[in-house]
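Coordinates from query.txt are shown below (compact mmCIF, C-alpha atoms and all ligand atoms).
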```
# COMPACT_ATOMS: atom_id res chain seq x y z
CA MET Q 1 113.06 75.81 129.44
CA THR Q 2 110.18 77.74 127.84
CA PRO Q 3 111.56 80.18 125.23
CA SER Q 4 110.94 83.88 125.97
CA VAL Q 5 108.32 85.56 123.74
CA SER Q 6 111.00 87.47 121.82
CA ALA Q 7 112.89 84.21 121.13
CA ARG Q 8 109.88 82.74 119.36
CA THR Q 9 110.21 81.84 115.69
CA PHE Q 10 107.16 82.45 113.51
CA ARG Q 11 106.41 79.93 110.78
CA VAL Q 12 105.11 81.69 107.66
CA GLY Q 13 103.26 80.44 104.59
CA ILE Q 14 102.82 82.56 101.48
CA VAL Q 15 99.74 82.11 99.28
CA GLY Q 16 100.03 83.25 95.66
CA CYS Q 17 103.41 83.13 93.91
CA GLY Q 18 102.87 85.92 91.35
CA ALA Q 19 104.37 89.39 90.96
CA ILE Q 20 104.13 90.73 94.53
CA SER Q 21 105.12 87.50 96.28
CA ARG Q 22 108.80 88.45 95.85
CA ASN Q 23 108.24 91.43 98.19
CA HIS Q 24 106.78 89.11 100.85
CA LEU Q 25 109.52 86.50 100.41
CA GLU Q 26 112.21 89.20 100.73
CA ALA Q 27 110.46 90.93 103.65
CA PHE Q 28 109.72 87.85 105.79
CA GLY Q 29 113.02 86.31 104.73
CA SER Q 30 114.93 89.30 106.14
CA LEU Q 31 113.61 88.77 109.70
CA ALA Q 32 115.65 86.68 112.12
CA ASN Q 33 112.61 85.41 114.02
CA VAL Q 34 110.71 84.16 110.95
CA ARG Q 35 110.99 80.99 108.88
CA ILE Q 36 109.13 80.72 105.57
CA VAL Q 37 108.01 77.09 105.67
CA GLY Q 38 105.84 76.89 102.56
CA VAL Q 39 104.53 78.61 99.45
CA CYS Q 40 101.18 77.89 97.83
CA ASP Q 41 99.78 78.56 94.36
CA ILE Q 42 96.91 76.98 92.45
CA ASP Q 43 99.56 76.67 89.76
CA LEU Q 44 101.70 74.03 91.50
CA ASP Q 45 104.58 74.41 89.02
CA ARG Q 46 104.76 78.09 89.91
CA ALA Q 47 104.76 77.25 93.63
CA ARG Q 48 107.53 74.68 93.08
CA ALA Q 49 109.64 77.12 91.05
CA THR Q 50 109.22 79.77 93.77
CA ALA Q 51 110.14 77.31 96.52
CA GLU Q 52 113.24 76.30 94.62
CA SER Q 53 114.37 79.87 93.94
CA TRP Q 54 113.85 80.99 97.52
CA ASP Q 55 114.94 77.81 99.27
CA VAL Q 56 111.53 77.26 100.85
CA PRO Q 57 111.06 73.62 101.99
CA ASN Q 58 107.43 73.09 100.84
CA ALA Q 59 105.39 73.93 97.73
CA VAL Q 60 101.66 73.18 97.78
CA SER Q 61 98.60 74.01 95.69
CA THR Q 62 95.92 74.53 98.37
CA VAL Q 63 95.63 76.71 101.44
CA GLY Q 64 94.57 73.63 103.42
CA GLU Q 65 97.92 71.95 102.72
CA LEU Q 66 99.76 75.12 103.72
CA LEU Q 67 97.85 75.26 107.01
CA ASP Q 68 98.70 71.60 107.62
CA LEU Q 69 102.38 72.61 107.72
CA GLY Q 70 101.63 74.24 111.08
CA VAL Q 71 102.09 77.89 110.09
CA ASP Q 72 101.60 80.84 112.50
CA ILE Q 73 101.16 83.47 109.75
CA ILE Q 74 99.69 83.35 106.26
CA SER Q 75 100.62 86.09 103.81
CA VAL Q 76 97.99 86.57 101.10
CA CYS Q 77 99.32 87.54 97.64
CA THR Q 78 96.44 86.33 95.46
CA PRO Q 79 94.02 88.23 93.17
CA HIS Q 80 91.42 90.47 94.82
CA PRO Q 81 88.33 88.20 94.79
CA THR Q 82 90.21 85.34 96.47
CA HIS Q 83 91.34 87.32 99.55
CA GLU Q 84 88.23 86.59 101.60
CA GLU Q 85 88.32 82.82 101.16
CA VAL Q 86 91.99 82.59 102.11
CA VAL Q 87 91.60 84.89 105.13
CA LEU Q 88 88.54 82.99 106.39
CA GLN Q 89 90.39 79.67 106.07
CA ALA Q 90 93.37 81.03 108.00
CA ALA Q 91 91.16 82.53 110.73
CA ALA Q 92 89.26 79.26 111.11
CA ALA Q 93 92.60 77.50 111.66
CA GLY Q 94 93.68 80.11 114.27
CA VAL Q 95 96.42 81.50 111.99
CA HIS Q 96 97.32 85.23 111.79
CA VAL Q 97 96.97 86.86 108.37
CA LEU Q 98 98.76 89.60 106.50
CA CYS Q 99 96.73 90.33 103.35
CA GLU Q 100 97.66 92.32 100.27
CA LYS Q 101 95.55 95.34 99.40
CA PRO Q 102 92.69 95.78 98.72
CA ILE Q 103 91.38 93.89 101.75
CA SER Q 104 88.48 92.94 99.47
CA THR Q 105 86.47 94.54 96.69
CA ASP Q 106 83.24 95.03 98.64
CA LEU Q 107 82.39 96.15 102.15
CA PRO Q 108 80.34 93.16 103.38
CA SER Q 109 83.25 90.89 102.45
CA ALA Q 110 85.78 93.16 104.25
CA GLU Q 111 83.51 93.13 107.32
CA ARG Q 112 83.24 89.33 107.24
CA MET Q 113 87.04 89.09 107.10
CA THR Q 114 87.66 91.46 110.04
CA ALA Q 115 84.89 89.80 112.08
CA ALA Q 116 86.22 86.29 111.40
CA CYS Q 117 89.74 87.27 112.52
CA ALA Q 118 88.43 89.08 115.62
CA ASP Q 119 86.21 86.10 116.56
CA ALA Q 120 89.12 83.69 116.10
CA GLY Q 121 91.47 85.92 118.13
CA VAL Q 122 93.97 86.22 115.26
CA LYS Q 123 95.55 89.44 113.94
CA LEU Q 124 94.65 90.74 110.49
CA GLY Q 125 97.01 93.20 108.84
CA VAL Q 126 96.56 94.68 105.34
CA LEU Q 127 99.41 95.94 103.16
CA PHE Q 128 99.57 99.69 102.66
CA GLN Q 129 103.34 99.85 102.80
CA ARG Q 130 103.52 103.48 101.61
CA ARG Q 131 102.49 104.56 105.12
CA PHE Q 132 106.02 103.52 106.12
CA TRP Q 133 107.71 106.04 103.81
CA PRO Q 134 109.76 108.42 105.99
CA GLY Q 135 108.08 111.32 104.13
CA ALA Q 136 104.58 110.05 104.96
CA GLN Q 137 105.58 109.51 108.59
CA ARG Q 138 106.92 113.09 108.71
CA ILE Q 139 103.62 114.52 107.46
CA ARG Q 140 101.69 112.43 110.02
CA LYS Q 141 104.04 113.76 112.76
CA ALA Q 142 103.65 117.38 111.55
CA ILE Q 143 99.87 116.98 111.85
CA ASP Q 144 100.15 115.54 115.38
CA ASP Q 145 102.77 117.98 116.71
CA GLY Q 146 100.91 121.05 115.44
CA THR Q 147 103.37 122.08 112.70
CA LEU Q 148 100.59 121.55 110.17
CA GLY Q 149 97.93 120.98 112.79
CA ARG Q 150 94.62 119.54 111.70
CA PRO Q 151 94.45 119.30 107.89
CA VAL Q 152 92.05 121.73 106.22
CA MET Q 153 92.72 120.98 102.55
CA GLY Q 154 94.25 118.08 100.67
CA GLN Q 155 95.12 117.12 97.14
CA CYS Q 156 95.82 113.65 95.85
CA SER Q 157 96.98 113.24 92.26
CA VAL Q 158 97.69 109.71 90.98
CA MET Q 159 98.59 110.18 87.31
CA LEU Q 160 100.11 106.92 86.11
CA HIS Q 161 100.94 105.07 82.92
CA ARG Q 162 99.92 101.50 82.06
CA GLU Q 163 100.32 99.73 78.74
CA PRO Q 164 97.29 97.78 77.43
CA GLU Q 165 99.31 94.58 78.05
CA TYR Q 166 99.20 95.28 81.79
CA TYR Q 167 95.48 94.53 81.69
CA SER Q 168 95.57 91.71 79.12
CA LYS Q 169 98.38 89.61 80.63
CA ASP Q 170 96.32 88.35 83.60
CA ALA Q 171 92.72 87.25 83.07
CA TRP Q 172 91.59 88.79 86.41
CA ARG Q 173 92.67 92.34 85.58
CA GLY Q 174 90.30 94.98 84.25
CA THR Q 175 86.95 93.35 85.10
CA TRP Q 176 84.40 94.39 87.71
CA ALA Q 177 83.90 90.76 88.79
CA ASN Q 178 87.57 89.93 89.28
CA ASP Q 179 89.51 93.18 89.74
CA GLY Q 180 86.60 94.92 91.47
CA GLY Q 181 87.57 98.25 89.89
CA GLY Q 182 90.28 99.99 87.92
CA VAL Q 183 92.78 102.66 88.86
CA LEU Q 184 90.95 103.45 92.11
CA MET Q 185 90.83 99.84 93.37
CA THR Q 186 94.30 98.78 92.24
CA GLN Q 187 96.60 101.82 92.25
CA ALA Q 188 94.97 104.87 93.89
CA ILE Q 189 93.82 102.89 96.94
CA HIS Q 190 97.34 103.29 98.44
CA TYR Q 191 97.14 107.08 98.23
CA ILE Q 192 93.48 107.27 99.28
CA ASP Q 193 94.64 105.38 102.36
CA LEU Q 194 97.36 107.98 102.97
CA LEU Q 195 94.92 110.85 102.40
CA GLN Q 196 92.40 109.50 104.91
CA TRP Q 197 95.22 108.62 107.36
CA PHE Q 198 96.24 112.28 107.26
CA MET Q 199 92.78 113.86 107.07
CA GLY Q 200 90.55 111.68 109.27
CA ASP Q 201 87.10 110.17 108.88
CA ILE Q 202 85.23 110.68 105.64
CA ALA Q 203 81.88 112.52 105.62
CA GLU Q 204 81.00 112.85 101.92
CA VAL Q 205 82.26 111.73 98.49
CA TYR Q 206 81.29 113.10 95.09
CA GLY Q 207 83.02 111.52 92.13
CA ARG Q 208 83.16 110.62 88.47
CA ILE Q 209 84.85 107.76 86.64
CA ASN Q 210 85.63 107.21 82.97
CA SER Q 211 87.87 105.17 80.73
CA TYR Q 212 89.82 107.24 78.21
CA LYS Q 213 92.67 105.06 77.02
CA HIS Q 214 91.94 101.47 78.02
CA GLY Q 215 88.17 101.45 77.47
CA ALA Q 216 88.41 99.09 74.49
CA HIS Q 217 89.95 96.28 76.55
CA ILE Q 218 88.80 96.80 80.16
CA GLU Q 219 85.37 97.15 81.79
CA VAL Q 220 86.59 99.18 84.76
CA GLU Q 221 87.65 102.83 84.98
CA ASP Q 222 91.09 104.01 83.92
CA SER Q 223 90.42 107.50 85.28
CA ALA Q 224 88.54 109.12 88.17
CA THR Q 225 88.06 112.43 89.94
CA ALA Q 226 86.42 113.13 93.28
CA VAL Q 227 85.76 115.80 95.87
CA LEU Q 228 86.02 114.51 99.43
CA THR Q 229 84.74 116.14 102.63
CA PHE Q 230 85.92 114.87 106.00
CA THR Q 231 83.97 114.93 109.26
CA SER Q 232 86.34 117.68 110.49
CA GLY Q 233 85.10 119.91 107.65
CA ALA Q 234 88.40 119.49 105.77
CA MET Q 235 88.14 119.09 101.99
CA ALA Q 236 90.28 117.29 99.39
CA THR Q 237 90.37 116.63 95.69
CA LEU Q 238 91.38 113.35 94.10
CA GLU Q 239 92.40 112.62 90.52
CA ALA Q 240 93.60 109.22 89.38
CA SER Q 241 94.42 107.70 86.02
CA THR Q 242 96.38 104.97 84.26
CA ALA Q 243 95.81 106.75 80.91
CA VAL Q 244 98.70 109.21 81.33
CA SER Q 245 101.74 109.01 79.09
CA PRO Q 246 104.36 109.73 80.18
CA SER Q 247 103.49 109.08 83.81
CA LEU Q 248 103.44 112.08 86.14
CA GLY Q 249 103.68 109.92 89.27
CA VAL Q 250 101.79 110.68 92.45
CA GLN Q 251 101.51 113.78 94.60
CA ILE Q 252 99.76 114.29 97.89
CA ARG Q 253 99.61 117.77 99.37
CA ILE Q 254 98.24 118.61 102.79
CA THR Q 255 97.56 122.10 104.12
CA GLY Q 256 96.95 122.35 107.85
CA GLU Q 257 95.04 124.74 110.10
CA THR Q 258 98.30 126.65 110.77
CA GLY Q 259 98.41 127.46 107.03
CA ALA Q 260 101.53 125.32 106.64
CA SER Q 261 101.67 122.82 103.77
CA ALA Q 262 103.63 119.71 102.89
CA SER Q 263 103.68 117.85 99.61
CA LEU Q 264 104.86 114.34 98.95
CA THR Q 265 105.78 113.07 95.48
CA GLU Q 266 106.33 109.50 94.24
CA PHE Q 267 108.08 109.88 90.91
CA PRO Q 268 108.87 107.71 89.14
CA GLU Q 269 106.21 105.28 90.40
CA GLY Q 270 107.62 102.87 93.00
CA SER Q 271 110.31 105.25 94.27
CA ASP Q 272 110.20 106.52 97.85
CA GLY Q 273 107.67 109.28 98.40
CA ARG Q 274 109.78 112.37 99.06
CA LEU Q 275 108.76 115.67 100.60
CA ASP Q 276 109.24 118.16 97.78
CA LEU Q 277 107.44 121.09 99.35
CA TRP Q 278 107.63 122.06 102.99
CA ALA Q 279 106.02 125.45 103.59
CA VAL Q 280 105.98 126.32 107.28
CA GLY Q 281 105.96 129.77 108.93
CA GLU Q 282 107.94 132.22 106.81
CA THR Q 283 109.98 129.60 104.97
CA ILE Q 284 109.36 127.44 101.95
CA SER Q 285 111.60 124.71 100.58
CA THR Q 286 110.96 122.95 97.29
CA GLU Q 287 112.66 120.51 95.00
CA ALA Q 288 111.98 119.51 91.41
CA VAL Q 289 109.05 117.13 91.17
CA HIS Q 290 110.01 115.67 87.79
CA PRO Q 291 113.81 115.84 87.68
CA ALA Q 292 115.31 115.89 84.19
CA GLY Q 293 116.60 112.56 82.93
CA VAL Q 294 114.38 110.35 85.09
CA ARG Q 295 112.51 107.76 83.02
CA PRO Q 296 108.80 108.37 83.75
CA ASN Q 297 107.25 105.06 82.57
CA VAL Q 298 108.56 102.25 84.76
CA ASP Q 299 107.84 98.54 84.33
CA LEU Q 300 105.86 96.68 86.98
CA ALA Q 301 108.78 94.56 88.20
CA SER Q 302 110.84 97.69 88.96
CA ILE Q 303 107.89 99.36 90.69
CA ASN Q 304 107.33 96.32 92.92
CA GLY Q 305 111.08 95.84 93.47
CA GLN Q 306 111.50 99.40 94.77
CA LEU Q 307 108.70 98.85 97.28
CA ILE Q 308 110.50 95.99 99.06
CA PRO Q 309 111.99 98.15 101.87
CA HIS Q 310 108.51 99.42 102.74
CA HIS Q 311 106.95 95.94 102.56
CA THR Q 312 109.75 94.93 104.94
CA SER Q 313 108.86 97.73 107.37
CA GLN Q 314 105.22 96.69 107.42
CA VAL Q 315 106.02 92.98 107.73
CA ARG Q 316 108.39 93.80 110.64
CA ASP Q 317 105.61 95.82 112.29
CA PHE Q 318 103.17 92.92 111.84
CA VAL Q 319 105.51 90.35 113.36
CA ALA Q 320 106.31 92.75 116.24
CA ALA Q 321 102.56 93.10 116.90
CA LEU Q 322 102.31 89.30 117.23
CA GLU Q 323 105.32 89.22 119.56
CA ASN Q 324 104.03 92.04 121.73
CA GLY Q 325 100.31 91.27 121.61
CA THR Q 326 99.57 94.71 120.12
CA GLU Q 327 97.62 95.70 117.01
CA PRO Q 328 99.46 95.96 113.69
CA ALA Q 329 99.87 99.47 112.22
CA ILE Q 330 97.22 98.79 109.57
CA THR Q 331 94.38 96.52 110.67
CA GLY Q 332 91.47 95.19 108.63
CA GLU Q 333 89.27 98.04 109.90
CA ASP Q 334 91.92 100.61 108.91
CA ALA Q 335 92.22 99.13 105.43
CA THR Q 336 88.46 99.18 104.95
CA LYS Q 337 88.40 103.00 105.18
CA ALA Q 338 90.14 103.53 101.84
CA LEU Q 339 87.91 100.85 100.25
CA ARG Q 340 84.80 102.63 101.54
CA ILE Q 341 85.93 105.94 99.97
CA LEU Q 342 86.71 104.51 96.54
CA LEU Q 343 83.52 102.47 96.41
CA ALA Q 344 81.67 105.72 97.14
CA VAL Q 345 83.34 107.30 94.08
CA TYR Q 346 81.86 104.47 91.98
CA GLU Q 347 78.45 104.89 93.58
CA SER Q 348 78.48 108.67 93.19
CA SER Q 349 79.52 108.37 89.55
CA ARG Q 350 76.66 105.91 88.97
CA THR Q 351 73.98 108.03 90.65
CA GLY Q 352 75.30 111.52 89.89
CA VAL Q 353 74.93 112.62 93.52
CA PRO Q 354 77.30 112.69 96.49
CA VAL Q 355 77.47 109.75 98.92
CA ARG Q 356 76.97 111.03 102.46
CA PHE Q 357 78.45 108.92 105.28
CA ALA Q 358 78.31 111.32 108.18
CA ALA Q 359 77.68 114.94 108.99
CA VAL Q 360 80.56 117.34 109.47
CA GLU Q 361 81.11 117.33 113.22
CA PRO Q 362 80.26 120.65 114.87
CA PRO Q 363 82.28 122.73 115.42
CA ASP Q 364 84.07 121.96 112.20
CA ILE Q 365 87.59 122.99 111.35
CA THR Q 366 86.48 126.57 110.60
CA GLY Q 367 85.55 126.98 114.25
CA ARG Q 368 81.97 127.66 113.18
CA HIS Q 369 79.09 125.30 113.63
CA SER Q 370 78.50 125.09 109.90
CA ALA Q 371 80.50 125.76 106.78
CA PRO Q 372 79.99 129.22 105.26
CA GLU Q 373 77.02 129.28 102.88
CA ALA Q 374 77.58 130.77 99.42
CA PRO Q 375 74.93 133.18 98.15
CA ALA Q 376 72.52 131.71 95.56
CA VAL Q 377 73.56 132.41 91.98
CA GLN Q 378 71.70 132.38 88.69
CA LEU Q 379 73.07 129.56 86.53
CA THR Q 380 71.14 130.17 83.29
CA SER Q 381 71.26 133.29 81.16
CA ARG Q 382 67.79 134.90 81.42
CA THR Q 383 69.13 138.02 79.76
CA ALA Q 384 69.85 136.08 76.58
CA ALA Q 385 66.40 134.46 76.64
CA ALA Q 386 64.66 137.82 77.13
CA ARG Q 387 66.22 139.38 74.04
N1 LIG V 401 101.20 96.40 97.93
C1 LIG V 401 101.53 96.63 96.66
O1 LIG V 401 102.18 97.62 96.33
C2 LIG V 401 101.06 95.67 95.61
C3 LIG V 401 101.68 95.64 94.34
C4 LIG V 401 101.22 94.68 93.42
C5 LIG V 401 100.16 93.83 93.73
N2 LIG V 401 99.57 93.94 94.96
C6 LIG V 401 98.41 93.09 95.31
O2 LIG V 401 98.88 91.75 95.49
C7 LIG V 401 97.87 90.83 95.08
C8 LIG V 401 98.44 89.90 94.02
O3 LIG V 401 98.86 90.68 92.93
P1 LIG V 401 99.96 90.12 91.88
O4 LIG V 401 100.27 91.28 91.01
O5 LIG V 401 101.05 89.43 92.58
O6 LIG V 401 99.06 89.06 91.08
P2 LIG V 401 99.56 87.89 90.11
O7 LIG V 401 98.43 87.61 89.19
O8 LIG V 401 100.91 88.22 89.56
O9 LIG V 401 99.77 86.65 91.12
C9 LIG V 401 98.71 86.03 91.79
C10 LIG V 401 99.08 84.56 92.01
O10 LIG V 401 98.07 83.97 92.85
C11 LIG V 401 97.78 82.67 92.35
N3 LIG V 401 96.44 82.30 92.83
C12 LIG V 401 95.23 82.72 92.36
N4 LIG V 401 94.23 82.24 93.13
C13 LIG V 401 94.82 81.50 94.10
C14 LIG V 401 94.33 80.74 95.19
N5 LIG V 401 93.02 80.68 95.43
N6 LIG V 401 95.21 80.09 95.98
C15 LIG V 401 96.55 80.15 95.73
N7 LIG V 401 97.07 80.86 94.71
C16 LIG V 401 96.23 81.53 93.92
C17 LIG V 401 97.92 82.79 90.84
O11 LIG V 401 98.11 81.54 90.22
C18 LIG V 401 99.14 83.73 90.74
O12 LIG V 401 100.35 83.00 90.70
C19 LIG V 401 96.68 91.69 94.61
O13 LIG V 401 95.81 91.89 95.69
C20 LIG V 401 97.34 93.01 94.24
O14 LIG V 401 96.48 94.13 94.28
C21 LIG V 401 100.01 94.82 95.89
```

Mind converting the file's structure to structure tokens?
Ligand SMILES: NC(=O)c1ccc[n+]([C@@H]2O[C@H](COP(=O)([O-])OP(=O)(O)OC[C@H]3O[C@@H](n4cnc5c(N)ncnc54)[C@H](O)[C@@H]3O)[C@@H](O)[C@H]2O)c1
Amino acid sequence: MTPSVSARTFRVGIVGCGAISRNHLEAFGSLANVRIVGVCDIDLDRARATAESWDVPNAVSTVGELLDLGVDIISVCTPHPTHEEVVLQAAAAGVHVLCEKPISTDLPSAERMTAACADAGVKLGVLFQRRFWPGAQRIRKAIDDGTLGRPVMGQCSVMLHREPEYYSKDAWRGTWANDGGGVLMTQAIHYIDLLQWFMGDIAEVYGRINSYKHGAHIEVEDSATAVLTFTSGAMATLEASTAVSPSLGVQIRITGETGASASLTEFPEGSDGRLDLWAVGETISTEAVHPAGVRPNVDLASINGQLIPHHTSQVRDFVAALENGTEPAITGEDATKALRILLAVYESSRTGVPVRFAAVEPPDITGRHSAPEAPAVQLTSRTAAAR
């Protein structure tokens, strides 16, 4: 008898056995209709140790060997510049791929990856597990059901702490060639994704980057600011840093066209984003953003460990999409949107001018056909010069 679609078991292979692989092993391992059949790492000893710890039957050192095990899904947990090669190999073998963020570090590469998966008829999902926070889902719902309505203003503050050793322990971290960027590419990308998920398509980005604390040992930025304009006419500010000590965590605040606002805080880093401000109608509820006694600087293993439930939600969604023949919650195209925004911050910082992607769609969120123009002002002191 042919098994029903829901009775199918998916064979999974995990590529890259470093820090985040535990989240994938736990997440896939928790699903009844999945069997992890192999792990792969260019460091074969690491792959073997992982296989032994997690009771996975095969440990290999190349993606080709993993594909030869007859996998249905490959989960990509390797450094940023290797994502494309692994995804293209999987697509060529007709295997579905769930890839860690960032999809890639440049747009042509991200486009090649999405095109290869589409051409091969395989699904490509990209990890942005914070979209599965209940708090983030509640903001998305409040936008859709009119409680907030269309966002008009947003704020995204990613003020984190990293020790210099974070960058020095792995050769690929902190370089343009291998990491592809600093705080924007590695940490803030999660929250830029949330911001654009809430606020819609990007129209313009003006930004600055700098390196205040880690400049002596990394090439990339440890800090960034940006002003973002969306095609709806909505505006947002972004600040991001790994030079903050102690860490202030992350906050995202959205104000909608109804005037209502909601704010989400992740503090300490890795904990569930919780709604700490909900200001709707005549009522406002708040809770302390930095509760006393909470340790602000958290080590990487605890950050990653706390994210496992949300990795599990996204992995479950991905497997369900394969079962049902639907699209996963976060596709390659979706994941490219956050990449496009942060790359524009780099470009704007380099050129000193905004990057314009699209015009604000008329009528914009103000209900007018153009944003209000400010009167011209004099920016130098002629009075002083005339004296
Ligand atoms: N979603 C999240 O919250 C989250 C958190 C941490 C890391 N990440 C992402 O996960 C990815 C991996 O990060 P990490 O911190 O686990 O890195 P890591 O350096 O700890 O581990 C990477 C592993 O990949 C192996 N590797 C390198 N190239 C390979 C190749 N071509 N084939 C097979 N194995 C290869 C390395 O030997 C290493 O064991 C990155 O994209 C990172 O941004 C995501």

Give, as JSON, the centre coordinates and the x, y and z edge lengths in Å to one decimal for an axis-aligned box around all listed atoms of ligand LIG 401 (chain V), padded by 6 Å on each side.
```
{"center_x": 97.6, "center_y": 88.9, "center_z": 93.6, "size_x": 21.2, "size_y": 29.5, "size_z": 20.7}
```

Could you tell me, counting all atoms listed in the file, which protein and nucleic acid residues lie no more than 9 Å from ligand LIG 401 (chain V), written as a short mmCIF file (atom, residue, chain, number, x, y, z; two decimals) with C-alpha atoms, in the frame of the given file?
```
data_model
loop_
_atom_site.label_atom_id
_atom_site.label_comp_id
_atom_site.auth_asym_id
_atom_site.auth_seq_id
_atom_site.Cartn_x
_atom_site.Cartn_y
_atom_site.Cartn_z
CA ILE Q 14 102.82 82.56 101.48
CA VAL Q 15 99.74 82.11 99.28
CA GLY Q 16 100.03 83.25 95.66
CA CYS Q 17 103.41 83.13 93.91
CA GLY Q 18 102.87 85.92 91.35
CA ALA Q 19 104.37 89.39 90.96
CA ILE Q 20 104.13 90.73 94.53
CA SER Q 21 105.12 87.50 96.28
CA ARG Q 22 108.80 88.45 95.85
CA ASN Q 23 108.24 91.43 98.19
CA VAL Q 39 104.53 78.61 99.45
CA CYS Q 40 101.18 77.89 97.83
CA ASP Q 41 99.78 78.56 94.36
CA ILE Q 42 96.91 76.98 92.45
CA ASP Q 43 99.56 76.67 89.76
CA LEU Q 44 101.70 74.03 91.50
CA ARG Q 46 104.76 78.09 89.91
CA ALA Q 47 104.76 77.25 93.63
CA VAL Q 60 101.66 73.18 97.78
CA SER Q 61 98.60 74.01 95.69
CA THR Q 62 95.92 74.53 98.37
CA VAL Q 63 95.63 76.71 101.44
CA VAL Q 76 97.99 86.57 101.10
CA CYS Q 77 99.32 87.54 97.64
CA THR Q 78 96.44 86.33 95.46
CA PRO Q 79 94.02 88.23 93.17
CA HIS Q 80 91.42 90.47 94.82
CA PRO Q 81 88.33 88.20 94.79
CA THR Q 82 90.21 85.34 96.47
CA HIS Q 83 91.34 87.32 99.55
CA GLU Q 85 88.32 82.82 101.16
CA VAL Q 86 91.99 82.59 102.11
CA CYS Q 99 96.73 90.33 103.35
CA GLU Q 100 97.66 92.32 100.27
CA LYS Q 101 95.55 95.34 99.40
CA PRO Q 102 92.69 95.78 98.72
CA ILE Q 103 91.38 93.89 101.75
CA SER Q 104 88.48 92.94 99.47
CA VAL Q 126 96.56 94.68 105.34
CA LEU Q 127 99.41 95.94 103.16
CA PHE Q 128 99.57 99.69 102.66
CA GLN Q 129 103.34 99.85 102.80
CA ARG Q 130 103.52 103.48 101.61
CA LYS Q 169 98.38 89.61 80.63
CA ASP Q 170 96.32 88.35 83.60
CA ALA Q 171 92.72 87.25 83.07
CA TRP Q 172 91.59 88.79 86.41
CA ARG Q 173 92.67 92.34 85.58
CA ASP Q 179 89.51 93.18 89.74
CA MET Q 185 90.83 99.84 93.37
CA THR Q 186 94.30 98.78 92.24
CA GLN Q 187 96.60 101.82 92.25
CA HIS Q 190 97.34 103.29 98.44
CA GLY Q 270 107.62 102.87 93.00
CA LEU Q 300 105.86 96.68 86.98
CA ILE Q 303 107.89 99.36 90.69
CA ASN Q 304 107.33 96.32 92.92
CA LEU Q 307 108.70 98.85 97.28
CA ILE Q 308 110.50 95.99 99.06
CA HIS Q 311 106.95 95.94 102.56
#
```

> With only C-alpha atoms as the basis for distance, which of Q:Phe198, Q:Phe318, Q:Phe28, Q:Phe230 is at the shortest distance from Phe357 of chain Q?
Replying inline: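 With only C-alpha atoms as the atom set, the closest residue is Q:Phe230.
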
> Pick the closest to Ala224 of chain Q from Q:Ser349, Q:Gln314, Q:Ser168, Q:Gln196: which is it, counting all atoms listed in the file?
Replying inline: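 Residue with the minimum atom-to-atom distance to Ala224 of chain Q: Q:Ser349.
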
>> Would you compute the distance between atom CA of Ala279 of chain Q and atom CA of Asp144 of chain Q? Give it in Å to one decimal.
In response: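 Those two atoms sit 16.5 Å apart.
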
> So how many Å separate atom CA of Leu339 of chain Q and atom CA of Arg150 of chain Q, to one decimal?
Replying inline: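 A separation of 22.9 Å between them.
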
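Among the candidates Q:Leu322, Q:Ala136, Q:Ala116, Q:Ile73, the residue lying nearest to Glu266 of chain Q is Q:Ala136 (atoms considered: only C-alpha atoms).
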
> What lies within 12 Å of Glu163 of chain Q using all atoms listed in the file, ignoring chain neighbours under 2 positions off, as JSON, numbers by chain?
Replying inline: {"Q": [160, 161, 165, 166, 167, 168, 169, 213, 214, 217, 218, 222, 242, 243, 244, 245, 246, 247, 297, 298, 299, 300]}

> Just how far from atom CA of Asp334 of chain Q is atom CA of Pro309 of chain Q, in Å to one decimal?
Replying inline: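 Taking atom CA of Pro309 of chain Q and atom CA of Asp334 of chain Q, their separation equals 21.4 Å.
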
> Can you list, as a PyMOL selection string, every protein, DNA or RNA residue that comes within 12 Å of segment 119-122 of chain Q when you count only C-alpha atoms, leaving out same-chain residues fewer than 6 positions away?
Replying inline: chain Q and resi 72-74+87-98+111-113+318+321-322+325-328+331-332

>> Given the point (109.9, 85.9, 111.1) in the file's coordinates, find the residues that have an atom at most 12 Å from it, counting all atoms listed in the file, and give them as a PyMOL selection string.
In response: chain Q and resi 6-13+24-37+71-75+312+315-323

>> For Glu257 of chain Q, find every residue with an atom within 12 Å (counting all atoms listed in the file), except residues of its own chain fewer than 4 positions away, and show them as number ranges by chain.
In response: Q: 142-144, 146-154, 199, 232-234, 261, 280, 364-367

> Hey, what's within 8 Å of Glu204 of chain Q if we count only C-alpha atoms and toss same-chain stuff fewer than 5 positions away? As a list in words, please?
Replying inline: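 Once the adjacent positions are removed, what remains is Leu228, Thr229, Phe230, Pro354, Val355, Arg356, Phe357 and Ala358 of chain Q.
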
>> Between Q:Gly181, Q:Pro108, Q:Gly305, Q:Gly125, which residue has the minimum interatomic distance to Leu343 of chain Q, considering only C-alpha atoms?
In response: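 Looking only at the distances to Leu343 of chain Q, the closest residue turns out to be Q:Gly181.
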
> Excluding same-chain residues fewer than 6 positions from Gly182 of chain Q, what lies within 7 Å of it counting only C-alpha atoms, as JSON, numbers by chain?
Replying inline: {"Q": [174, 220, 221, 222]}

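Minimum distance to Met159 of chain Q across Q:Asn210, Q:Thr225, Q:Thr175, Q:Ser241 (counting all atoms listed in the file) occurs at Q:Ser241.
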
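With distances restricted to all atoms listed in the file, Q:Ser302 is the closest residue to Ser271 of chain Q from Q:Thr255, Q:Ser302, Q:Gly207, Q:Ser157.
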